[in-house]
Amino acid sequence: MGQILGRIAVETPKYEVIKSLSGYEIRKYPPAVLAELTYDPSQFKGDKDGGFSVLAKYIGAFGDPQNTKPEKIAMTAPVITKTGGESEKIEMTAPVLTKEGGEEKKMVTMQFSLPAKYTKAEDAPKPTDERVVIREEGEKKYGVVKFSGIASEEVVQEKVEMLKEKLAGDGYKVIGEFVLARYNPPWTLPPFRTNEVMIPIE
């Protein structure tokens, strides 16, 4: 019942709020270990969230964990997705934009943060599905705007434009593409969902 009403009962990142401004926050996030998958949504019948099931199988959310130990890994929130350009070049991951037959295709990258007990990539169980990449991410600063409801493309784009304007107006330098953070499972009622648009800043 709690999850339907938006209760978040899993581990979430221990970020620090550096500043609360009009309609958004500046946050500092500690280093983290991520399980990541980059894919073309057409591999999942056009479903942009198709990668979720692959990552969920890696941690063992749907039965036996698909990792070499095998070890069940606790689910955390939020689930991070990004589309379009990369915020940084990372070895071992596919480029976020690929061209196919002269047409540019938008790839999606989905990430699960692994529980804080995993402090290095090598601490985490190795995925048996080679599409899943385990990597470390250093400390980062973001401008963050929180909203409820369904995170449709239109709503997200609106929040991104608004946040970019506010960041520029307050003198912050954007250093990468936005990411979308979603904290609740799909069966949470839309008014009780917690979503965030996060833009990396200097």
# chains A, B, ... in the order shown; residues from 1 in each chain; ligands from 1
call {"tool": "closest_atom_pairs", "arguments": {"of": "region 116-171 of chain A", "to": "region 60-75 of chain A", "cutoff": "6 Å", "atoms": "only C-alpha atoms", "output": "JSON lines"}}
result
{"residue": "A:Pro125", "atom": "CA", "partner": "A:Asn67", "partner_atom": "CA", "distance": 5.8}
{"residue": "A:Lys126", "atom": "CA", "partner": "A:Asn67", "partner_atom": "CA", "distance": 5.3}
{"residue": "A:Pro127", "atom": "CA", "partner": "A:Asn67", "partner_atom": "CA", "distance": 4.2}
{"residue": "A:Thr128", "atom": "CA", "partner": "A:Asn67", "partner_atom": "CA", "distance": 4.9}
call {"tool": "write_last_selection", "arguments": {"atoms": "C-alpha atoms", "output": "PDB file, in the first residue's frame"}}
result
ATOM      1  CA  PRO A 125      29.156  -8.744  -8.491  1.00  0.00           C
ATOM      2  CA  LYS A 126      30.049  -9.066 -12.178  1.00  0.00           C
ATOM      3  CA  PRO A 127      26.999  -9.084 -14.511  1.00  0.00           C
ATOM      4  CA  THR A 128      26.449 -12.211 -16.604  1.00  0.00           C
TER       5      THR A 128
END
call {"tool": "residues_around", "arguments": {"residues": "Phe147 (chain A)", "least_positions_apart": "5", "cutoff": "12 Å", "atoms": "only C-alpha atoms", "output": "PDB file with N, CA, C and O atoms, in the first residue's frame"}}
result
ATOM      1  N   GLY A  23      12.553  27.477  -6.369  1.00  0.00           N
ATOM      2  CA  GLY A  23      12.066  26.385  -7.212  1.00  0.00           C
ATOM      3  C   GLY A  23      13.066  25.279  -7.513  1.00  0.00           C
ATOM      4  O   GLY A  23      12.759  24.336  -8.233  1.00  0.00           O
ATOM      5  N   TYR A  24      14.297  25.373  -6.968  1.00  0.00           N
ATOM      6  CA  TYR A  24      15.272  24.295  -7.215  1.00  0.00           C
ATOM      7  C   TYR A  24      16.350  24.292  -6.138  1.00  0.00           C
ATOM      8  O   TYR A  24      16.412  25.196  -5.303  1.00  0.00           O
ATOM      9  N   SER A 152       6.424  12.624 -18.317  1.00  0.00           N
ATOM     10  CA  SER A 152       6.333  12.518 -19.783  1.00  0.00           C
ATOM     11  C   SER A 152       7.438  13.363 -20.413  1.00  0.00           C
ATOM     12  O   SER A 152       8.008  14.250 -19.762  1.00  0.00           O
ATOM     13  N   VAL A 155       6.692  17.144 -20.167  1.00  0.00           N
ATOM     14  CA  VAL A 155       6.851  17.696 -18.817  1.00  0.00           C
ATOM     15  C   VAL A 155       8.343  17.810 -18.481  1.00  0.00           C
ATOM     16  O   VAL A 155       8.806  18.832 -17.960  1.00  0.00           O
ATOM     17  N   VAL A 156       9.093  16.750 -18.788  1.00  0.00           N
ATOM     18  CA  VAL A 156      10.527  16.747 -18.480  1.00  0.00           C
ATOM     19  C   VAL A 156      11.236  17.879 -19.225  1.00  0.00           C
ATOM     20  O   VAL A 156      12.028  18.623 -18.644  1.00  0.00           O
ATOM     21  N   GLU A 158      10.026  20.649 -20.309  1.00  0.00           N
ATOM     22  CA  GLU A 158       9.605  21.922 -19.697  1.00  0.00           C
ATOM     23  C   GLU A 158      10.440  22.210 -18.432  1.00  0.00           C
ATOM     24  O   GLU A 158      10.916  23.326 -18.223  1.00  0.00           O
ATOM     25  N   LYS A 159      10.625  21.164 -17.605  1.00  0.00           N
ATOM     26  CA  LYS A 159      11.404  21.319 -16.364  1.00  0.00           C
ATOM     27  C   LYS A 159      12.871  21.602 -16.689  1.00  0.00           C
ATOM     28  O   LYS A 159      13.522  22.400 -16.011  1.00  0.00           O
ATOM     29  N   VAL A 160      13.392  20.949 -17.722  1.00  0.00           N
ATOM     30  CA  VAL A 160      14.799  21.142 -18.126  1.00  0.00           C
ATOM     31  C   VAL A 160      15.023  22.592 -18.543  1.00  0.00           C
ATOM     32  O   VAL A 160      15.972  23.251 -18.090  1.00  0.00           O
ATOM     33  N   LEU A 180      17.175  12.260 -15.761  1.00  0.00           N
ATOM     34  CA  LEU A 180      15.876  12.152 -15.112  1.00  0.00           C
ATOM     35  C   LEU A 180      15.983  11.110 -14.005  1.00  0.00           C
ATOM     36  O   LEU A 180      16.443   9.989 -14.259  1.00  0.00           O
ATOM     37  N   ALA A 181      15.588  11.486 -12.792  1.00  0.00           N
ATOM     38  CA  ALA A 181      15.612  10.566 -11.652  1.00  0.00           C
ATOM     39  C   ALA A 181      14.175  10.263 -11.237  1.00  0.00           C
ATOM     40  O   ALA A 181      13.401  11.182 -10.984  1.00  0.00           O
ATOM     41  N   ARG A 182      13.837   8.970 -11.204  1.00  0.00           N
ATOM     42  CA  ARG A 182      12.479   8.569 -10.802  1.00  0.00           C
ATOM     43  C   ARG A 182      12.573   7.632  -9.601  1.00  0.00           C
ATOM     44  O   ARG A 182      13.311   6.653  -9.639  1.00  0.00           O
ATOM     45  N   TYR A 183      11.828   7.953  -8.553  1.00  0.00           N
ATOM     46  CA  TYR A 183      11.968   7.274  -7.269  1.00  0.00           C
ATOM     47  C   TYR A 183      10.963   6.152  -7.021  1.00  0.00           C
ATOM     48  O   TYR A 183      11.110   5.422  -6.060  1.00  0.00           O
ATOM     49  N   PRO A 190       0.173   8.525  -9.838  1.00  0.00           N
ATOM     50  CA  PRO A 190       0.930   9.681 -10.336  1.00  0.00           C
ATOM     51  C   PRO A 190       1.064  10.865  -9.366  1.00  0.00           C
ATOM     52  O   PRO A 190       2.163  11.398  -9.201  1.00  0.00           O
ATOM     53  N   PRO A 191      -0.008  11.284  -8.638  1.00  0.00           N
ATOM     54  CA  PRO A 191       0.169  12.451  -7.749  1.00  0.00           C
ATOM     55  C   PRO A 191       1.180  12.210  -6.623  1.00  0.00           C
ATOM     56  O   PRO A 191       1.674  13.155  -6.022  1.00  0.00           O
ATOM     57  N   PHE A 192       1.445  10.922  -6.319  1.00  0.00           N
ATOM     58  CA  PHE A 192       2.351  10.596  -5.207  1.00  0.00           C
ATOM     59  C   PHE A 192       3.768  10.256  -5.679  1.00  0.00           C
ATOM     60  O   PHE A 192       4.618   9.882  -4.873  1.00  0.00           O
ATOM     61  N   ARG A 193       4.023  10.354  -6.967  1.00  0.00           N
ATOM     62  CA  ARG A 193       5.354  10.015  -7.492  1.00  0.00           C
ATOM     63  C   ARG A 193       6.349  11.142  -7.236  1.00  0.00           C
ATOM     64  O   ARG A 193       5.992  12.313  -7.241  1.00  0.00           O
ATOM     65  N   THR A 194       7.592  10.752  -7.025  1.00  0.00           N
ATOM     66  CA  THR A 194       8.680  11.729  -6.880  1.00  0.00           C
ATOM     67  C   THR A 194       9.608  11.595  -8.072  1.00  0.00           C
ATOM     68  O   THR A 194      10.162  10.520  -8.326  1.00  0.00           O
ATOM     69  N   ASN A 195       9.744  12.677  -8.836  1.00  0.00           N
ATOM     70  CA  ASN A 195      10.639  12.721  -9.992  1.00  0.00           C
ATOM     71  C   ASN A 195      11.558  13.923  -9.830  1.00  0.00           C
ATOM     72  O   ASN A 195      11.177  14.922  -9.204  1.00  0.00           O
ATOM     73  N   GLU A 196      12.736  13.838 -10.419  1.00  0.00           N
ATOM     74  CA  GLU A 196      13.652  14.981 -10.393  1.00  0.00           C
ATOM     75  C   GLU A 196      14.355  15.112 -11.737  1.00  0.00           C
ATOM     76  O   GLU A 196      14.728  14.104 -12.343  1.00  0.00           O
ATOM     77  N   VAL A 197      14.511  16.356 -12.185  1.00  0.00           N
ATOM     78  CA  VAL A 197      15.386  16.642 -13.316  1.00  0.00           C
ATOM     79  C   VAL A 197      16.667  17.195 -12.699  1.00  0.00           C
ATOM     80  O   VAL A 197      16.621  18.091 -11.843  1.00  0.00           O
ATOM     81  N   MET A 198      17.811  16.622 -13.113  1.00  0.00           N
ATOM     82  CA  MET A 198      19.101  16.999 -12.548  1.00  0.00           C
ATOM     83  C   MET A 198      20.040  17.433 -13.673  1.00  0.00           C
ATOM     84  O   MET A 198      20.193  16.717 -14.662  1.00  0.00           O
TER      85      MET A 198
END
call {"tool": "residues_around", "arguments": {"residues": "region 43-56 of chain A", "least_positions_apart": "3", "cutoff": "9 Å", "atoms": "only C-alpha atoms", "output": "ChimeraX atom specification"}}
result
/A:35-40,59-62,65-66,75,79,81,107-112,129,131-132
call {"tool": "atom_distance", "arguments": {"atom1": "CA of Lys82 (chain A)", "atom2": "CA of Ile175 (chain A)"}}
result
14.6 Å
call {"tool": "residues_around", "arguments": {"residues": "Gly138 (chain A)", "least_positions_apart": "5", "cutoff": "9 Å", "atoms": "only C-alpha atoms", "output": "list in words"}}
result
Tyr29, Pro30, Pro31, Ala32 and Val33 of chain A
call {"tool": "decode", "arguments": {"residues": "region 166-195 of chain A", "atoms": "C-alpha atoms", "output": "tab-separated table (two decimals), in the first residue's frame"}}
result
chain	number	residue	atom	x	y	z
A	166	LYS	CA	17.24	29.54	-13.46
A	167	LEU	CA	20.80	28.16	-13.31
A	168	ALA	CA	22.01	30.66	-15.92
A	169	GLY	CA	20.21	33.50	-14.14
A	170	ASP	CA	21.87	32.56	-10.84
A	171	GLY	CA	25.33	32.34	-12.42
A	172	TYR	CA	25.83	28.55	-12.51
A	173	LYS	CA	27.68	26.93	-15.42
A	174	VAL	CA	26.03	23.82	-16.92
A	175	ILE	CA	28.63	21.16	-17.80
A	176	GLY	CA	26.54	18.33	-19.26
A	177	GLU	CA	23.18	16.92	-20.29
A	178	PHE	CA	20.26	16.56	-17.89
A	179	VAL	CA	19.32	13.26	-16.30
A	180	LEU	CA	15.88	12.15	-15.11
A	181	ALA	CA	15.61	10.57	-11.65
A	182	ARG	CA	12.48	8.57	-10.80
A	183	TYR	CA	11.97	7.27	-7.27
A	184	ASN	CA	8.82	5.13	-7.50
A	185	PRO	CA	7.66	1.95	-9.22
A	186	PRO	CA	5.14	2.31	-12.08
A	187	TRP	CA	2.20	1.28	-9.87
A	188	THR	CA	2.62	4.36	-7.62
A	189	LEU	CA	-0.32	6.72	-8.22
A	190	PRO	CA	0.93	9.68	-10.34
A	191	PRO	CA	0.17	12.45	-7.75
A	192	PHE	CA	2.35	10.60	-5.21
A	193	ARG	CA	5.35	10.02	-7.49
A	194	THR	CA	8.68	11.73	-6.88
A	195	ASN	CA	10.64	12.72	-9.99
